[in-house]
$ cat data.txt   # compact mmCIF, N, CA and C atoms
# COMPACT_ATOMS: atom_id res chain seq x y z
N MET O 295 -29.39 189.35 65.72
CA MET O 295 -30.50 189.68 64.83
C MET O 295 -30.20 191.03 64.20
N ASP O 296 -30.60 191.16 62.97
CA ASP O 296 -30.38 192.40 62.23
C ASP O 296 -31.12 193.55 62.91
N GLY O 297 -30.49 194.70 62.96
CA GLY O 297 -31.07 195.85 63.64
C GLY O 297 -32.38 196.31 63.03
N TYR O 298 -32.46 196.27 61.70
CA TYR O 298 -33.69 196.70 61.04
C TYR O 298 -34.85 195.72 61.28
N LEU O 299 -34.53 194.43 61.30
CA LEU O 299 -35.56 193.44 61.56
C LEU O 299 -36.10 193.58 62.98
N GLU O 300 -35.20 193.80 63.92
CA GLU O 300 -35.62 193.98 65.31
C GLU O 300 -36.49 195.23 65.45
N LEU O 301 -36.11 196.30 64.80
CA LEU O 301 -36.90 197.53 64.83
C LEU O 301 -38.28 197.31 64.20
N PHE O 302 -38.30 196.59 63.07
CA PHE O 302 -39.57 196.30 62.40
C PHE O 302 -40.48 195.45 63.30
N LEU O 303 -39.92 194.42 63.93
CA LEU O 303 -40.73 193.56 64.79
C LEU O 303 -41.28 194.33 66.00
N LYS O 304 -40.51 195.23 66.54
CA LYS O 304 -41.00 196.05 67.65
C LYS O 304 -42.11 196.99 67.18
N ALA O 305 -41.96 197.51 65.95
CA ALA O 305 -43.02 198.37 65.39
C ALA O 305 -44.30 197.57 65.17
N VAL O 306 -44.17 196.31 64.74
CA VAL O 306 -45.35 195.46 64.55
C VAL O 306 -46.06 195.23 65.88
N ILE O 307 -45.29 195.00 66.93
CA ILE O 307 -45.89 194.80 68.25
C ILE O 307 -46.64 196.05 68.71
N ILE O 308 -46.03 197.21 68.52
CA ILE O 308 -46.69 198.46 68.91
C ILE O 308 -47.95 198.69 68.09
N PHE O 309 -47.87 198.43 66.79
CA PHE O 309 -49.03 198.60 65.92
C PHE O 309 -50.17 197.66 66.34
N CYS O 310 -49.85 196.41 66.60
CA CYS O 310 -50.88 195.44 67.01
C CYS O 310 -51.47 195.81 68.37
N ALA O 311 -50.66 196.35 69.26
CA ALA O 311 -51.17 196.78 70.56
C ALA O 311 -52.15 197.94 70.39
N CYS O 312 -51.82 198.88 69.50
CA CYS O 312 -52.73 200.01 69.24
C CYS O 312 -54.04 199.53 68.63
N ILE O 313 -53.96 198.61 67.69
CA ILE O 313 -55.17 198.05 67.07
C ILE O 313 -56.01 197.32 68.13
N SER O 314 -55.34 196.62 69.05
CA SER O 314 -56.07 195.91 70.10
C SER O 314 -56.80 196.88 71.02
N ILE O 315 -56.19 198.01 71.31
CA ILE O 315 -56.85 199.02 72.15
C ILE O 315 -58.08 199.57 71.44
N ILE O 316 -57.95 199.84 70.14
CA ILE O 316 -59.10 200.32 69.36
C ILE O 316 -60.21 199.27 69.34
N CYS O 317 -59.83 198.02 69.18
CA CYS O 317 -60.84 196.94 69.18
C CYS O 317 -61.50 196.80 70.55
N PHE O 318 -60.73 197.02 71.61
CA PHE O 318 -61.31 196.96 72.95
C PHE O 318 -62.36 198.06 73.13
N ILE O 319 -62.05 199.23 72.62
CA ILE O 319 -63.03 200.32 72.69
C ILE O 319 -64.29 199.94 71.91
N ARG O 320 -64.12 199.33 70.73
CA ARG O 320 -65.27 198.89 69.94
C ARG O 320 -66.05 197.82 70.69
N ALA O 321 -65.36 196.94 71.40
CA ALA O 321 -66.06 195.89 72.15
C ALA O 321 -66.87 196.49 73.29
N VAL O 322 -66.38 197.54 73.91
CA VAL O 322 -67.11 198.17 75.01
C VAL O 322 -68.28 199.00 74.49
N ILE O 323 -68.03 199.79 73.45
CA ILE O 323 -69.06 200.70 72.94
C ILE O 323 -70.14 199.95 72.16
N GLY O 324 -69.77 198.99 71.40
CA GLY O 324 -70.77 198.23 70.62
C GLY O 324 -70.93 198.79 69.23
N PRO O 325 -72.06 199.13 68.75
CA PRO O 325 -73.37 199.25 69.36
C PRO O 325 -74.15 197.93 69.38
N THR O 326 -73.76 196.96 68.56
CA THR O 326 -74.52 195.71 68.54
C THR O 326 -73.65 194.57 69.06
N ILE O 327 -74.30 193.48 69.38
CA ILE O 327 -73.57 192.31 69.89
C ILE O 327 -72.64 191.72 68.83
N PRO O 328 -73.05 191.62 67.55
CA PRO O 328 -72.08 191.12 66.56
C PRO O 328 -70.83 191.99 66.45
N ASP O 329 -70.96 193.31 66.62
CA ASP O 329 -69.78 194.17 66.63
C ASP O 329 -68.85 193.81 67.78
N ARG O 330 -69.43 193.54 68.92
CA ARG O 330 -68.63 193.18 70.09
C ARG O 330 -67.93 191.84 69.91
N ILE O 331 -68.64 190.86 69.35
CA ILE O 331 -68.03 189.55 69.12
C ILE O 331 -66.89 189.66 68.13
N LEU O 332 -67.09 190.43 67.07
CA LEU O 332 -66.04 190.63 66.08
C LEU O 332 -64.83 191.33 66.68
N ALA O 333 -65.06 192.31 67.54
CA ALA O 333 -63.96 193.02 68.19
C ALA O 333 -63.17 192.09 69.11
N ILE O 334 -63.88 191.24 69.83
CA ILE O 334 -63.20 190.28 70.71
C ILE O 334 -62.37 189.30 69.90
N ASN O 335 -62.91 188.86 68.76
CA ASN O 335 -62.18 187.96 67.88
C ASN O 335 -60.92 188.64 67.35
N MET O 336 -61.04 189.90 67.00
CA MET O 336 -59.89 190.63 66.47
C MET O 336 -58.83 190.86 67.54
N ILE O 337 -59.26 191.11 68.76
CA ILE O 337 -58.29 191.26 69.86
C ILE O 337 -57.51 189.95 70.03
N GLY O 338 -58.21 188.83 69.99
CA GLY O 338 -57.54 187.53 70.10
C GLY O 338 -56.53 187.31 68.99
N THR O 339 -56.91 187.69 67.77
CA THR O 339 -56.00 187.54 66.63
C THR O 339 -54.78 188.43 66.79
N GLN O 340 -54.97 189.65 67.26
CA GLN O 340 -53.84 190.55 67.46
C GLN O 340 -52.89 190.01 68.55
N MET O 341 -53.45 189.42 69.59
CA MET O 341 -52.60 188.85 70.64
C MET O 341 -51.79 187.67 70.11
N ILE O 342 -52.39 186.89 69.24
CA ILE O 342 -51.66 185.77 68.63
C ILE O 342 -50.50 186.30 67.78
N ILE O 343 -50.75 187.37 67.04
CA ILE O 343 -49.69 187.99 66.24
C ILE O 343 -48.57 188.51 67.15
N ILE O 344 -48.94 189.17 68.23
CA ILE O 344 -47.94 189.71 69.16
C ILE O 344 -47.10 188.58 69.75
N ILE O 345 -47.73 187.50 70.17
CA ILE O 345 -46.99 186.37 70.74
C ILE O 345 -46.08 185.74 69.69
N SER O 346 -46.56 185.64 68.45
CA SER O 346 -45.74 185.07 67.38
C SER O 346 -44.53 185.94 67.07
N VAL O 347 -44.72 187.25 67.07
CA VAL O 347 -43.59 188.17 66.83
C VAL O 347 -42.61 188.09 67.99
N LEU O 348 -43.11 187.97 69.20
CA LEU O 348 -42.22 187.81 70.35
C LEU O 348 -41.43 186.51 70.27
N THR O 349 -42.02 185.48 69.66
CA THR O 349 -41.31 184.22 69.46
C THR O 349 -40.05 184.46 68.62
N ILE O 350 -40.20 185.25 67.57
CA ILE O 350 -39.06 185.54 66.70
C ILE O 350 -38.09 186.49 67.40
N LEU O 351 -38.63 187.52 68.03
CA LEU O 351 -37.80 188.55 68.63
C LEU O 351 -36.97 188.02 69.79
N LEU O 352 -37.57 187.21 70.64
CA LEU O 352 -36.88 186.68 71.82
C LEU O 352 -36.18 185.35 71.57
N LYS O 353 -36.44 184.76 70.40
CA LYS O 353 -35.87 183.45 70.03
C LYS O 353 -36.21 182.38 71.06
N GLU O 354 -37.49 182.37 71.45
CA GLU O 354 -38.00 181.39 72.40
C GLU O 354 -39.05 180.54 71.69
N ALA O 355 -38.72 179.30 71.42
CA ALA O 355 -39.61 178.43 70.64
C ALA O 355 -40.89 178.08 71.39
N TRP O 356 -40.84 178.04 72.70
CA TRP O 356 -42.03 177.67 73.46
C TRP O 356 -43.15 178.69 73.32
N LEU O 357 -42.84 179.92 72.95
CA LEU O 357 -43.88 180.92 72.75
C LEU O 357 -44.77 180.58 71.55
N ALA O 358 -44.22 179.84 70.59
CA ALA O 358 -45.04 179.40 69.45
C ALA O 358 -46.13 178.44 69.94
N ASP O 359 -45.80 177.60 70.90
CA ASP O 359 -46.80 176.71 71.48
C ASP O 359 -47.87 177.50 72.23
N VAL O 360 -47.44 178.52 72.93
CA VAL O 360 -48.39 179.38 73.65
C VAL O 360 -49.32 180.06 72.66
N ALA O 361 -48.79 180.52 71.53
CA ALA O 361 -49.62 181.16 70.50
C ALA O 361 -50.63 180.18 69.93
N ALA O 362 -50.22 178.94 69.71
CA ALA O 362 -51.14 177.93 69.17
C ALA O 362 -52.27 177.62 70.16
N VAL O 363 -51.92 177.46 71.43
CA VAL O 363 -52.94 177.20 72.44
C VAL O 363 -53.88 178.40 72.57
N TYR O 364 -53.32 179.60 72.53
CA TYR O 364 -54.14 180.81 72.62
C TYR O 364 -55.08 180.91 71.43
N ALA O 365 -54.61 180.51 70.25
CA ALA O 365 -55.45 180.52 69.05
C ALA O 365 -56.64 179.57 69.22
N LEU O 366 -56.39 178.39 69.75
CA LEU O 366 -57.47 177.43 69.98
C LEU O 366 -58.48 177.96 71.00
N LEU O 367 -57.98 178.51 72.09
CA LEU O 367 -58.88 179.05 73.12
C LEU O 367 -59.67 180.25 72.60
N SER O 368 -59.03 181.09 71.82
CA SER O 368 -59.71 182.25 71.26
C SER O 368 -60.81 181.81 70.30
N PHE O 369 -60.51 180.83 69.48
CA PHE O 369 -61.51 180.31 68.53
C PHE O 369 -62.70 179.72 69.28
N LEU O 370 -62.42 178.91 70.29
CA LEU O 370 -63.51 178.30 71.05
C LEU O 370 -64.34 179.35 71.78
N GLY O 371 -63.69 180.36 72.30
CA GLY O 371 -64.41 181.44 72.97
C GLY O 371 -65.36 182.17 72.03
N VAL O 372 -64.90 182.45 70.83
CA VAL O 372 -65.76 183.14 69.86
C VAL O 372 -66.90 182.24 69.41
N VAL O 373 -66.64 180.94 69.26
CA VAL O 373 -67.71 180.01 68.89
C VAL O 373 -68.77 179.96 69.98
N VAL O 374 -68.35 179.92 71.24
CA VAL O 374 -69.31 179.88 72.35
C VAL O 374 -70.11 181.18 72.40
N LEU O 375 -69.44 182.32 72.26
CA LEU O 375 -70.16 183.59 72.28
C LEU O 375 -71.16 183.69 71.13
N THR O 376 -70.77 183.21 69.97
CA THR O 376 -71.67 183.24 68.81
C THR O 376 -72.86 182.32 69.03
N LYS O 377 -72.62 181.16 69.60
CA LYS O 377 -73.70 180.21 69.89
C LYS O 377 -74.70 180.82 70.88
N ILE O 378 -74.19 181.48 71.91
CA ILE O 378 -75.06 182.13 72.89
C ILE O 378 -75.86 183.23 72.21
N TYR O 379 -75.20 184.03 71.37
CA TYR O 379 -75.89 185.12 70.68
C TYR O 379 -76.99 184.59 69.76
N ILE O 380 -76.72 183.52 69.05
CA ILE O 380 -77.73 182.95 68.16
C ILE O 380 -78.93 182.46 68.96
N GLY O 381 -78.68 181.84 70.11
CA GLY O 381 -79.78 181.40 70.97
C GLY O 381 -80.63 182.55 71.46
N ILE O 382 -79.98 183.64 71.88
CA ILE O 382 -80.72 184.81 72.35
C ILE O 382 -81.50 185.43 71.20
N TYR O 383 -80.88 185.50 70.01
CA TYR O 383 -81.55 186.08 68.85
C TYR O 383 -82.79 185.27 68.47
N ARG O 384 -82.66 183.95 68.44
CA ARG O 384 -83.81 183.11 68.09
C ARG O 384 -84.93 183.24 69.12
N LYS O 385 -84.56 183.35 70.39
CA LYS O 385 -85.57 183.49 71.43
C LYS O 385 -86.32 184.81 71.28
N LYS O 386 -85.58 185.91 71.03
CA LYS O 386 -86.23 187.20 70.81
C LYS O 386 -87.10 187.17 69.57
N HIS O 387 -86.60 186.56 68.52
CA HIS O 387 -87.34 186.49 67.26
C HIS O 387 -88.63 185.70 67.46
N ALA O 388 -88.57 184.62 68.22
CA ALA O 388 -89.76 183.81 68.47
C ALA O 388 -90.78 184.59 69.31
N GLU O 389 -90.30 185.39 70.27
CA GLU O 389 -91.22 186.18 71.08
C GLU O 389 -91.91 187.27 70.26
N LEU O 390 -91.15 187.90 69.36
CA LEU O 390 -91.71 188.98 68.57
C LEU O 390 -92.61 188.49 67.44
N PHE O 391 -92.16 187.46 66.77
CA PHE O 391 -92.87 187.01 65.57
C PHE O 391 -93.43 185.60 65.72
N GLY O 392 -93.50 185.11 66.93
CA GLY O 392 -93.95 183.73 67.15
C GLY O 392 -95.35 183.47 66.65
N GLU O 393 -96.28 184.37 66.96
CA GLU O 393 -97.66 184.15 66.54
C GLU O 393 -97.78 184.22 65.04
N GLU O 394 -97.08 185.17 64.41
CA GLU O 394 -97.13 185.28 62.96
C GLU O 394 -96.48 184.07 62.31
N ALA O 395 -95.37 183.61 62.89
CA ALA O 395 -94.69 182.45 62.32
C ALA O 395 -95.55 181.20 62.45
N GLU O 396 -96.23 181.06 63.58
CA GLU O 396 -97.11 179.90 63.74
C GLU O 396 -98.26 179.95 62.75
N ALA O 397 -98.85 181.14 62.55
CA ALA O 397 -99.94 181.29 61.60
C ALA O 397 -99.45 181.00 60.19
N LEU O 398 -98.25 181.47 59.86
CA LEU O 398 -97.69 181.22 58.54
C LEU O 398 -97.43 179.73 58.36
N GLY O 399 -96.92 179.09 59.39
CA GLY O 399 -96.67 177.65 59.30
C GLY O 399 -97.96 176.87 59.10
N THR O 400 -99.03 177.26 59.77
CA THR O 400 -100.33 176.60 59.61
C THR O 400 -100.86 176.83 58.21
N HIS O 401 -100.70 178.02 57.70
CA HIS O 401 -101.17 178.35 56.36
C HIS O 401 -100.43 177.52 55.31
N GLU O 402 -99.11 177.35 55.50
CA GLU O 402 -98.34 176.55 54.56
C GLU O 402 -98.78 175.09 54.61
N LYS O 403 -99.11 174.60 55.81
CA LYS O 403 -99.58 173.22 55.93
C LYS O 403 -100.92 173.05 55.22
N ASP O 404 -101.81 174.05 55.33
CA ASP O 404 -103.10 173.97 54.66
C ASP O 404 -102.93 173.93 53.15
N ASN O 405 -102.00 174.73 52.64
CA ASN O 405 -101.75 174.74 51.19
C ASN O 405 -101.20 173.40 50.74
N ALA O 406 -100.37 172.77 51.55
CA ALA O 406 -99.81 171.48 51.17
C ALA O 406 -100.90 170.41 51.16
N ASN O 407 -101.85 170.49 52.09
CA ASN O 407 -102.91 169.51 52.14
C ASN O 407 -103.87 169.65 50.95
N GLU O 408 -104.06 170.87 50.44
CA GLU O 408 -104.96 171.10 49.32
C GLU O 408 -104.41 170.49 48.04
N LYS O 409 -103.10 170.42 47.90
CA LYS O 409 -102.50 169.90 46.68
C LYS O 409 -102.58 168.42 46.71
$ encode --input "data.txt" --output "structure tokens"
Amino acid sequence: MDGYLELFLKAVIIFCACISIICFIRAVIGPTIPDRILAINMIGTQMIIIISVLTILLKEAWLADVAAVYALLSFLGVVVLTKIYIGIYRKKHAELFGEEAEALGTHEKDNANEK
């Protein structure tokens, strides 16, 4: 492998590792749950990039399969976390605004019946 290409690929791995550490800090600090979900998604994407670069650097084709499986698992993990967050958000929203929403819904039904 060309010396410059190998040096570039190693630099990409180091850069992605640094970005992953920054994203991990964002996932821990927050401040909101969507920030944390986004940081976890970005960490997964950076790991996929690192595995893909290692595939080229080490000339091991099976690592591409590992990257594909990791991509699927990362995607499913983010979908599950998002689904849980949406459920929690809707539950909080219903507790805070449930009475107002019910009153608004009744009012809209009354307006529909008048027409």
$ atom_distance --input "data.txt" --atom1 "CA of Thr326 in chain O" --atom2 "CA of Tyr379 in chain O"
10.9 Å
$ atom_distance --input "data.txt" --atom1 "CA of Ala311 in chain O" --atom2 "CA of Pro325 in chain O"
22.4 Å
$ closest_residue --input "data.txt" --among "O:Ile380, O:Ala321, O:Ile342, O:Ile334" --to "Ala365 in chain O" --atoms "all atoms listed in the file"
O:Ile342
$ residues_near_point --input "data.txt" --point "(-53.3, 177.9, 71.1)" --cutoff "12 Å" --atoms "only C-alpha atoms" --output "list of chain:residue names"
O:Gly338, O:Thr339, O:Met341, O:Ile342, O:Ile343, O:Ile345, O:Ser346, O:Trp356, O:Leu357, O:Ala358, O:Asp359, O:Val360, O:Ala361, O:Ala362, O:Val363, O:Tyr364, O:Ala365, O:Leu366, O:Leu367, O:Ser368, O:Phe369, O:Leu370, O:Gly371
$ closest_residue --input "data.txt" --among "O:Leu299, O:Ile313, O:Ile378, O:Lys386" --to "Leu351 in chain O" --atoms "only N, CA and C atoms"
O:Leu299
$ atom_distance --input "data.txt" --atom1 "CA of Phe318 in chain O" --atom2 "CA of Thr376 in chain O"
17.7 Å
$ axis_aligned_box --input "data.txt" --around "range 308-319 of chain O" --padding-each-side "4 Å" --output "JSON"
{"center_x": -55.2, "center_y": 197.9, "center_z": 69.5, "size_x": 26.3, "size_y": 12.9, "size_z": 15.2}
$ residues_around --input "data.txt" --residues "Cys310 in chain O" --least-positions-apart "5" --cutoff "9 Å" --atoms "only C-alpha atoms" --output "ChimeraX atom specification"
/O:305,315,337,340-341,343-344
$ closest_residue --input "data.txt" --among "O:Val347, O:Ala333, O:Leu301, O:Val372" --to "Ile319 in chain O" --atoms "only C-alpha atoms"
O:Ala333
